[in-house]
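Asks: Before I ask anything, let me first share the structure, which is written out below as structure tokens.
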Number of protein chains: 2
Amino acid sequence: MNKFALLPLALIAASPVPVLSPSEIVAAAKSEEWVAIAPSNLLVMDLAADRDAKPRRVVIQLMPAPFSQGWVGNIRTLAAAQWWDGTSVNRVQDNYVVQWGDVTEKKALPDGLVTVPQLEYEVDPGFDARKLREELGVAQLPEGGSVRDVFAPKVAFQSGWPIGLENLSYDVRKFRGWPVHCYGMVGVGRNMPPNTGTGAELYTVIGHAPRHLDRNIALVGRVIAGIEHLSSLPRGTGDLGFYKTAEERVPILSVRVGDKVSGLPRYEYLSTESASFAAYADARANRRDAFFIKPAGGADICNIPVPVSVGK
Amino acid sequence: MNKFALLPLALIAASPVPVLSPSEIVAAAKSEEWVAIAPSNLLVMDLAADRDAKPRRVVIQLMPAPFSQGWVGNIRTLAAAQWWDGTSVNRVQDNYVVQWGDVTEKKALPDGLVTVPQLEYEVDPGFDARKLREELGVAQLPEGGSVRDVFAPKVAFQSGWPIGLENLSYDVRKFRGWPVHCYGMVGVGRNMPPNTGTGAELYTVIGHAPRHLDRNIALVGRVIAGIEHLSSLPRGTGDLGFYKTAEERVPILSVRVGDKVSGLPRYEYLSTESASFAAYADARANRRDAFFIKPAGGADICNIPVPVSVGK
């Protein structure tokens, strides 16, 4: 006897309902769910043209308050001073980072840079535990709260950014929060602690998320366009992927804050407080579109990249 | 009054004890902790030379039993038939995969390929739950069992490979196990399910671990040398990162099983059952070397890549 004979017809009829993929959910998001990124919060880096004379532009969204604002302020000062012009990309380490800045380490820094203390790696994220539950709510997390994490006690998305969170032991309503090292995030190279770096030496992640760097190095932004101009560079053959020769280094023509660059397209991110983002995150953690046979039932936070769109 | 005045001198003296970094632990591993990889378990892919006439060789370690052996058998048949010679790398999608095979999808396949069913995505890993605890033991996992996972109920290293594990509900002493999608892993492209692919169309991971593919696609090996010849290729500008033109594709000169290739160096991996691997995994999850100020206290399994060495 066929043991499936008792399956109600209604269930059989329900099964072929089309299920959207994450990219289809993003494509269907309403225009008001997208948040424009002000040009003043972009950093635009133009590299020398490639061997085929094609231009190479990398666009970075700077980290908003309350995170890393000491370093972000330094980066604004460095860009205003046109400090990076004439420096270079000096290190490309496979499955890790691309790093740029002054390879001589002797170029004079502009006035006005601040020394940021280590304690700024973690800050008050600006909401309490109740708000995370009741206002941001589980709607922001995939079904079943499946954004679990192995590096941080808790993770969440805040104003478009993936962050780690830890309850304060002396006040459980409060958190410390910090940005996390996902693919494309931009961080501040530094020397041995307690040095925290100025922001003059920057890197971006081009491999599996090196989350062990969280709370050990400042993150100041993320690449939102043109990362292929960094991630597809030849790997350096020196220690840690540094280029051995001057010829291998990629010249940086200019780095400017976006409001000093004409003709930029409009960049937007999908609000992480939107219904479409919640559906997208859930779909990333539970793929039910036709290609998949076994939804994972979870995802790590770096497997839920915040969607960015480029307009005209 | 200085509140640190009561700190015992013995503690002060103890603090500067040098703590080894993960790479220093690997460098100090004993020779008997390394396991030679037989040339018959390697797949050697030679791409056309690059624009500077430099050769490009990619070396893949094939997945051992009990995992994915149907597809691995097909790959041995395809290599013996020299089937990939004259095919190409056709797709490079940033932060995802590089894919190669016959772009026409019309090249006749050799005789003898088997059709592998979906249920082979998960297999009996060959040990029971007691053995995992008592024989493999927590010594194989970072201190505190901190290889937690958000995609699989359990993860472990088995004979040099990262695997996911799930207890069988009808026999809790038993597991199902499967290889997991970390950076550099090699998988089998396929069409819509229940198609599982033959092994003729292959890809490797060049970004953050796409663990949602676990148990949805077969994994057949990992790149152990030359991944930079794939990960640094220009990104394709077509849908899913496919190259749009024939000129962009990278010709594959030959793919052979390693015992048909003369002059290969000796490849070894650090035994995942060794004391040095346990110390290395612990150090990856709890960085205490001088650069770090805050150990993560955990790591995901793809953040603990199995060390491979290349001899003469």
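Identifiers in the structure tokens: chain A, B, ... in order shown; residue index from 1 per chain; ligand index from 1 in order shown.
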Counting only C-alpha atoms, collect the residues of chain A whose closest atom lies at most 8 Å from chain B, and write them out as an NGL selection string.

Replies: :A and (94-95 or 146-152 or 183 or 191-193 or 206-212 or 214-216 or 228 or 231-235 or 284-285 or 287 or 290-300 or 302-303)

Asks: Just write the chosen residues, C-alpha atoms, as a JSON list (two decimals), in the first residue's frame.

Replies:
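To be explicit, this is the file written out as part-v7.json:
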[["chain", "number", "residue", "atom", "x", "y", "z"],
["A", 94, "ASP", "CA", 44.99, 35.58, -1.32],
["A", 95, "ASN", "CA", 41.90, 34.80, 0.76],
["A", 146, "SER", "CA", 19.00, 31.83, 12.87],
["A", 147, "VAL", "CA", 21.68, 34.50, 12.60],
["A", 148, "ARG", "CA", 23.66, 32.72, 15.23],
["A", 149, "ASP", "CA", 27.34, 33.53, 15.52],
["A", 150, "VAL", "CA", 30.51, 31.80, 16.62],
["A", 151, "PHE", "CA", 32.62, 34.93, 17.14],
["A", 152, "ALA", "CA", 30.28, 37.32, 18.97],
["A", 183, "TYR", "CA", 34.00, 40.46, 2.66],
["A", 191, "ASN", "CA", 51.42, 48.43, 14.21],
["A", 192, "MET", "CA", 51.62, 46.41, 17.42],
["A", 193, "PRO", "CA", 49.17, 47.36, 20.17],
["A", 206, "ILE", "CA", 38.97, 39.76, -0.24],
["A", 207, "GLY", "CA", 38.41, 36.29, 1.24],
["A", 208, "HIS", "CA", 36.59, 34.36, 3.90],
["A", 209, "ALA", "CA", 35.58, 36.74, 6.68],
["A", 210, "PRO", "CA", 38.59, 37.13, 9.04],
["A", 211, "ARG", "CA", 36.38, 37.64, 12.05],
["A", 212, "HIS", "CA", 39.30, 37.09, 14.44],
["A", 214, "ASP", "CA", 36.95, 42.01, 15.08],
["A", 215, "ARG", "CA", 37.62, 44.24, 18.09],
["A", 216, "ASN", "CA", 41.34, 44.07, 17.29],
["A", 228, "GLU", "CA", 36.92, 43.62, -8.48],
["A", 231, "SER", "CA", 40.19, 41.44, -5.50],
["A", 232, "SER", "CA", 41.42, 40.43, -8.97],
["A", 233, "LEU", "CA", 44.87, 41.99, -8.63],
["A", 234, "PRO", "CA", 47.85, 39.62, -8.89],
["A", 235, "ARG", "CA", 48.74, 38.20, -5.50],
["A", 284, "ARG", "CA", 19.59, 33.63, 2.54],
["A", 285, "ALA", "CA", 19.38, 31.39, 5.60],
["A", 287, "ARG", "CA", 17.07, 28.75, 0.44],
["A", 290, "ALA", "CA", 14.10, 25.78, -7.17],
["A", 291, "PHE", "CA", 17.88, 25.10, -7.29],
["A", 292, "PHE", "CA", 18.01, 24.01, -3.65],
["A", 293, "ILE", "CA", 17.00, 20.73, -2.10],
["A", 294, "LYS", "CA", 18.16, 21.28, 1.51],
["A", 295, "PRO", "CA", 17.78, 24.72, 3.16],
["A", 296, "ALA", "CA", 20.61, 25.32, 5.63],
["A", 297, "GLY", "CA", 18.34, 26.61, 8.37],
["A", 298, "GLY", "CA", 20.85, 29.31, 9.26],
["A", 299, "ALA", "CA", 23.48, 31.64, 7.91],
["A", 300, "ASP", "CA", 26.40, 33.51, 9.35],
["A", 302, "CYS", "CA", 28.70, 37.65, 6.51],
["A", 303, "ASN", "CA", 26.58, 35.36, 4.34]]

Asks: Is it possible to get the superposed chain B, fitted on chain A over all Cα pairs by sequence order, as a short mmCIF file (atom, residue, chain, number, x, y, z; two decimals) with C-alpha atoms, in the first residue's frame?

Replies:
data_model
loop_
_atom_site.label_atom_id
_atom_site.label_comp_id
_atom_site.auth_asym_id
_atom_site.auth_seq_id
_atom_site.Cartn_x
_atom_site.Cartn_y
_atom_site.Cartn_z
CA MET B 1 0.27 -0.39 -1.57
CA ASN B 2 1.48 3.09 -2.33
CA LYS B 3 2.15 4.69 1.03
CA PHE B 4 1.86 8.19 -0.44
CA ALA B 5 -1.71 7.60 -1.55
CA LEU B 6 -3.14 9.32 1.53
CA LEU B 7 -1.43 12.65 0.85
CA PRO B 8 -4.27 15.19 0.59
CA LEU B 9 -4.69 16.74 -2.81
CA ALA B 10 -4.62 20.21 -1.24
CA LEU B 11 -1.04 19.70 -0.14
CA ILE B 12 -0.01 18.51 -3.55
CA ALA B 13 -1.57 21.58 -5.07
CA ALA B 14 0.17 23.87 -2.58
CA SER B 15 3.69 22.61 -3.17
CA PRO B 16 4.47 24.31 -6.48
CA VAL B 17 3.89 27.82 -5.04
CA PRO B 18 6.90 29.75 -6.31
CA VAL B 19 9.36 30.77 -3.58
CA LEU B 20 11.45 33.83 -4.22
CA SER B 21 15.23 33.71 -4.13
CA PRO B 22 17.09 36.34 -2.07
CA SER B 23 17.90 38.36 -5.20
CA GLU B 24 14.27 38.25 -6.33
CA ILE B 25 13.19 39.57 -2.91
CA VAL B 26 15.67 42.43 -3.23
CA ALA B 27 14.52 43.19 -6.77
CA ALA B 28 10.93 43.42 -5.51
CA ALA B 29 11.72 45.77 -2.59
CA LYS B 30 9.76 49.02 -2.57
CA SER B 31 11.59 52.21 -3.46
CA GLU B 32 10.99 53.61 0.03
CA GLU B 33 12.85 50.67 1.55
CA TRP B 34 16.09 51.87 -0.07
CA VAL B 35 18.24 54.44 1.75
CA ALA B 36 20.35 56.89 -0.27
CA ILE B 37 24.01 57.15 0.76
CA ALA B 38 25.08 60.79 0.87
CA PRO B 39 28.11 61.50 -1.37
CA SER B 40 29.76 63.05 1.70
CA ASN B 41 29.82 59.56 3.20
CA LEU B 42 31.59 57.99 0.23
CA LEU B 43 35.31 57.68 -0.39
CA VAL B 44 36.19 57.42 -4.10
CA MET B 45 39.54 55.87 -4.99
CA ASP B 46 40.77 55.98 -8.59
CA LEU B 47 43.56 53.56 -9.42
CA ALA B 48 45.77 53.85 -12.50
CA ALA B 49 44.10 52.35 -15.57
CA ASP B 50 44.68 48.64 -16.14
CA ARG B 51 46.77 47.08 -18.95
CA ASP B 52 43.84 47.47 -21.30
CA ALA B 53 43.59 51.16 -20.43
CA LYS B 54 40.34 50.60 -18.58
CA PRO B 55 39.71 52.95 -15.63
CA ARG B 56 39.51 51.42 -12.15
CA ARG B 57 37.32 53.16 -9.59
CA VAL B 58 36.65 51.79 -6.10
CA VAL B 59 33.82 53.32 -4.06
CA ILE B 60 33.78 52.94 -0.27
CA GLN B 61 30.91 53.79 2.05
CA LEU B 62 32.30 55.29 5.25
CA MET B 63 31.19 53.90 8.60
CA PRO B 64 28.48 56.02 10.27
CA ALA B 65 28.32 57.05 13.93
CA PRO B 66 28.62 55.73 16.54
CA PHE B 67 31.35 53.42 15.18
CA SER B 68 35.01 54.25 14.49
CA GLN B 69 34.41 57.99 14.12
CA GLY B 70 37.92 58.96 15.24
CA TRP B 71 39.49 57.06 12.36
CA VAL B 72 36.78 58.13 9.91
CA GLY B 73 37.54 61.76 10.81
CA ASN B 74 41.22 61.14 10.07
CA ILE B 75 40.32 59.61 6.72
CA ARG B 76 38.32 62.73 5.81
CA THR B 77 41.37 64.84 6.73
CA LEU B 78 43.70 62.62 4.67
CA ALA B 79 41.38 62.75 1.64
CA ALA B 80 41.01 66.55 1.93
CA ALA B 81 44.83 66.81 1.95
CA GLN B 82 44.94 64.57 -1.15
CA TRP B 83 47.39 62.53 0.87
CA TRP B 84 46.83 59.20 -0.90
CA ASP B 85 47.45 60.63 -4.38
CA GLY B 86 50.63 59.03 -5.66
CA THR B 87 50.61 56.21 -3.10
CA SER B 88 49.82 52.63 -4.13
CA VAL B 89 48.23 49.25 -3.52
CA ASN B 90 51.10 47.32 -1.96
CA ARG B 91 49.74 44.03 -0.68
CA VAL B 92 47.37 41.39 -2.05
CA GLN B 93 47.16 38.25 0.11
CA ASP B 94 44.91 35.52 -1.24
CA ASN B 95 41.82 34.76 0.85
CA TYR B 96 42.65 37.67 3.16
CA VAL B 97 43.22 41.34 2.32
CA VAL B 98 44.26 43.97 -0.21
CA GLN B 99 46.14 46.84 1.45
CA TRP B 100 47.06 50.33 0.24
CA GLY B 101 48.89 53.41 1.46
CA ASP B 102 52.41 54.82 1.51
CA VAL B 103 54.81 51.92 0.98
CA THR B 104 57.77 54.03 2.13
CA GLU B 105 56.08 54.72 5.48
CA LYS B 106 57.88 58.09 5.35
CA LYS B 107 55.36 60.40 3.70
CA ALA B 108 54.50 63.21 6.10
CA LEU B 109 50.96 63.05 7.45
CA PRO B 110 48.70 66.11 7.37
CA ASP B 111 48.03 68.14 10.50
CA GLY B 112 44.95 67.42 12.50
CA LEU B 113 44.99 63.62 12.75
CA VAL B 114 43.90 62.28 16.11
CA THR B 115 45.27 59.28 17.99
CA VAL B 116 42.31 57.04 18.69
CA PRO B 117 42.48 54.78 21.76
CA GLN B 118 41.84 51.03 21.63
CA LEU B 119 38.67 51.37 23.65
CA GLU B 120 37.05 52.92 20.56
CA TYR B 121 37.04 49.49 18.90
CA GLU B 122 33.82 48.93 20.87
CA VAL B 123 31.21 51.60 21.53
CA ASP B 124 27.72 52.05 22.89
CA PRO B 125 25.66 51.18 19.81
CA GLY B 126 22.93 53.55 20.88
CA PHE B 127 20.15 51.23 21.91
CA ASP B 128 19.42 49.08 24.90
CA ALA B 129 18.68 45.38 25.07
CA ARG B 130 14.93 45.97 25.33
CA LYS B 131 14.99 48.02 22.15
CA LEU B 132 16.88 45.29 20.31
CA ARG B 133 14.20 42.82 21.28
CA GLU B 134 11.09 44.96 21.20
CA GLU B 135 11.69 47.63 18.60
CA LEU B 136 14.24 46.20 16.22
CA GLY B 137 12.74 42.86 17.05
CA VAL B 138 13.26 39.41 15.65
CA ALA B 139 11.66 40.65 12.44
CA GLN B 140 15.13 41.90 11.52
CA LEU B 141 16.63 38.46 11.99
CA PRO B 142 15.93 35.36 9.93
CA GLU B 143 13.12 33.17 11.16
CA GLY B 144 13.91 31.47 14.40
CA GLY B 145 16.62 33.99 15.23
CA SER B 146 19.00 31.97 13.16
CA VAL B 147 21.69 34.62 12.83
CA ARG B 148 23.68 32.84 15.47
CA ASP B 149 27.35 33.65 15.72
CA VAL B 150 30.52 31.91 16.80
CA PHE B 151 32.64 35.04 17.30
CA ALA B 152 30.33 37.43 19.13
CA PRO B 153 27.75 36.85 21.87
CA LYS B 154 25.17 38.45 19.59
CA VAL B 155 25.02 39.93 16.11
CA ALA B 156 22.53 42.23 14.44
CA PHE B 157 22.13 44.70 11.62
CA GLN B 158 22.04 48.37 12.56
CA SER B 159 21.36 51.15 10.04
CA GLY B 160 22.69 49.05 7.21
CA TRP B 161 25.73 47.53 8.92
CA PRO B 162 26.50 44.12 10.42
CA ILE B 163 27.59 44.51 14.04
CA GLY B 164 28.65 42.36 16.96
CA LEU B 165 27.14 42.97 20.39
CA GLU B 166 28.00 42.03 23.96
CA ASN B 167 25.91 42.70 27.02
CA LEU B 168 27.60 44.73 29.72
CA SER B 169 27.89 42.60 32.82
CA TYR B 170 27.14 45.52 35.14
CA ASP B 171 24.04 46.65 33.23
CA VAL B 172 22.30 43.98 31.21
CA ARG B 173 20.15 46.58 29.45
CA LYS B 174 23.29 47.91 27.80
CA PHE B 175 25.55 46.65 25.03
CA ARG B 176 28.94 47.28 23.61
CA GLY B 177 28.86 47.06 19.83
CA TRP B 178 31.42 46.84 17.02
CA PRO B 179 31.47 46.44 13.24
CA VAL B 180 32.44 42.97 11.98
CA HIS B 181 34.97 41.84 9.35
CA CYS B 182 32.88 40.62 6.42
CA TYR B 183 33.97 40.46 2.76
CA GLY B 184 34.57 43.98 1.43
CA MET B 185 34.82 45.70 4.80
CA VAL B 186 37.57 48.34 5.00
CA GLY B 187 39.89 48.49 8.01
CA VAL B 188 42.79 50.48 9.39
CA GLY B 189 46.26 48.92 9.21
CA ARG B 190 48.23 49.37 12.41
CA ASN B 191 51.46 48.45 14.16
CA MET B 192 51.67 46.46 17.38
CA PRO B 193 49.24 47.44 20.15
CA PRO B 194 48.54 49.85 21.73
CA ASN B 195 48.99 51.46 18.28
CA THR B 196 45.58 51.71 16.56
CA GLY B 197 46.65 53.20 13.21
CA THR B 198 45.77 56.63 11.84
CA GLY B 199 43.66 55.55 8.86
CA ALA B 200 46.42 56.31 6.34
CA GLU B 201 47.06 52.60 5.80
CA LEU B 202 43.85 50.84 4.73
CA TYR B 203 42.84 47.34 3.69
CA THR B 204 39.77 45.53 2.45
CA VAL B 205 38.75 41.91 2.99
CA ILE B 206 38.91 39.72 -0.16
CA GLY B 207 38.35 36.28 1.35
CA HIS B 208 36.55 34.37 4.03
CA ALA B 209 35.54 36.76 6.81
CA PRO B 210 38.58 37.16 9.14
CA ARG B 211 36.39 37.71 12.15
CA HIS B 212 39.31 37.17 14.55
CA LEU B 213 40.25 40.76 13.66
CA ASP B 214 36.98 42.08 15.15
CA ARG B 215 37.67 44.35 18.14
CA ASN B 216 41.38 44.16 17.32
CA ILE B 217 41.43 46.57 14.38
CA ALA B 218 39.17 49.49 13.48
CA LEU B 219 36.70 49.10 10.62
CA VAL B 220 35.90 52.33 8.81
CA GLY B 221 33.71 51.36 5.89
CA ARG B 222 33.00 48.89 3.12
CA VAL B 223 33.57 48.70 -0.60
CA ILE B 224 30.22 49.14 -2.37
CA ALA B 225 31.45 49.32 -5.97
CA GLY B 226 34.55 48.24 -7.86
CA ILE B 227 35.88 45.68 -5.40
CA GLU B 228 36.84 43.54 -8.41
CA HIS B 229 39.60 46.08 -9.15
CA LEU B 230 41.17 45.00 -5.85
CA SER B 231 40.10 41.35 -5.44
CA SER B 232 41.31 40.31 -8.90
CA LEU B 233 44.78 41.88 -8.59
CA PRO B 234 47.74 39.51 -8.85
CA ARG B 235 48.67 38.09 -5.45
CA GLY B 236 51.91 39.39 -3.96
CA THR B 237 54.67 36.84 -3.57
CA GLY B 238 56.41 38.45 -0.58
CA ASP B 239 55.64 37.76 3.08
CA LEU B 240 51.95 38.42 3.88
CA GLY B 241 51.29 38.98 0.18
CA PHE B 242 53.29 42.21 -0.15
CA TYR B 243 54.47 42.98 -3.66
CA LYS B 244 58.22 42.58 -3.97
CA THR B 245 58.82 45.14 -6.70
CA ALA B 246 57.70 48.68 -7.47
CA GLU B 247 56.39 47.52 -10.86
CA GLU B 248 53.83 45.26 -9.21
CA ARG B 249 52.31 48.01 -7.08
CA VAL B 250 49.18 49.64 -8.41
CA PRO B 251 49.40 53.45 -8.42
CA ILE B 252 46.61 55.37 -6.70
CA LEU B 253 45.72 58.41 -8.76
CA SER B 254 43.40 60.03 -6.23
CA VAL B 255 41.20 59.45 -3.21
CA ARG B 256 38.41 61.96 -2.55
CA VAL B 257 35.32 62.18 -0.40
CA GLY B 258 32.33 61.74 -2.71
CA ASP B 259 31.06 65.32 -2.51
CA LYS B 260 34.26 66.42 -4.27
CA VAL B 261 33.67 64.04 -7.20
CA SER B 262 31.36 65.06 -10.05
CA GLY B 263 29.07 62.69 -11.88
CA LEU B 264 28.80 60.00 -9.22
CA PRO B 265 25.78 57.72 -9.58
CA ARG B 266 23.26 57.47 -6.75
CA TYR B 267 24.14 54.67 -4.32
CA GLU B 268 21.50 53.19 -2.02
CA TYR B 269 21.40 50.34 0.46
CA LEU B 270 18.40 48.26 1.41
CA SER B 271 17.28 49.43 4.86
CA THR B 272 18.12 46.71 7.36
CA GLU B 273 15.01 47.83 9.26
CA SER B 274 12.77 47.12 6.23
CA ALA B 275 10.37 44.21 5.71
CA SER B 276 12.16 43.30 2.49
CA PHE B 277 15.49 43.02 4.31
CA ALA B 278 13.93 40.74 6.90
CA ALA B 279 12.54 38.54 4.12
CA TYR B 280 15.88 38.62 2.29
CA ALA B 281 17.83 37.62 5.42
CA ASP B 282 15.38 34.83 6.11
CA ALA B 283 15.72 33.57 2.53
CA ARG B 284 19.53 33.67 2.76
CA ALA B 285 19.34 31.45 5.84
CA ASN B 286 16.62 29.18 4.44
CA ARG B 287 17.00 28.79 0.69
CA ARG B 288 13.74 27.40 -0.63
CA ASP B 289 13.99 28.50 -4.26
CA ALA B 290 13.96 25.77 -6.87
CA PHE B 291 17.73 25.10 -7.01
CA PHE B 292 17.87 24.03 -3.37
CA ILE B 293 16.86 20.75 -1.77
CA LYS B 294 18.03 21.34 1.82
CA PRO B 295 17.68 24.78 3.45
CA ALA B 296 20.54 25.39 5.91
CA GLY B 297 18.27 26.72 8.65
CA GLY B 298 20.81 29.38 9.51
CA ALA B 299 23.44 31.72 8.13
CA ASP B 300 26.37 33.60 9.54
CA ILE B 301 26.06 37.36 9.43
CA CYS B 302 28.66 37.69 6.66
CA ASN B 303 26.53 35.40 4.52
CA ILE B 304 23.81 38.06 4.55
CA PRO B 305 25.51 40.94 2.71
CA VAL B 306 23.51 44.17 2.83
CA PRO B 307 22.20 44.79 -0.71
CA VAL B 308 23.48 47.94 -2.44
CA SER B 309 22.05 49.39 -5.64
CA VAL B 310 23.60 51.81 -8.09
CA GLY B 311 21.34 54.30 -9.82
CA LYS B 312 22.04 56.99 -12.38
#

Asks: Can you pull out every residue from region 131-294 of chain B that DSSP, working from the backbone, puts in strand (DSSP E or B), and format the result as an MDAnalysis selection string?

Replies: chainID B and resid 154:158 161:168 171:179 185:188 202:205 219:225 242 250:257 267:270
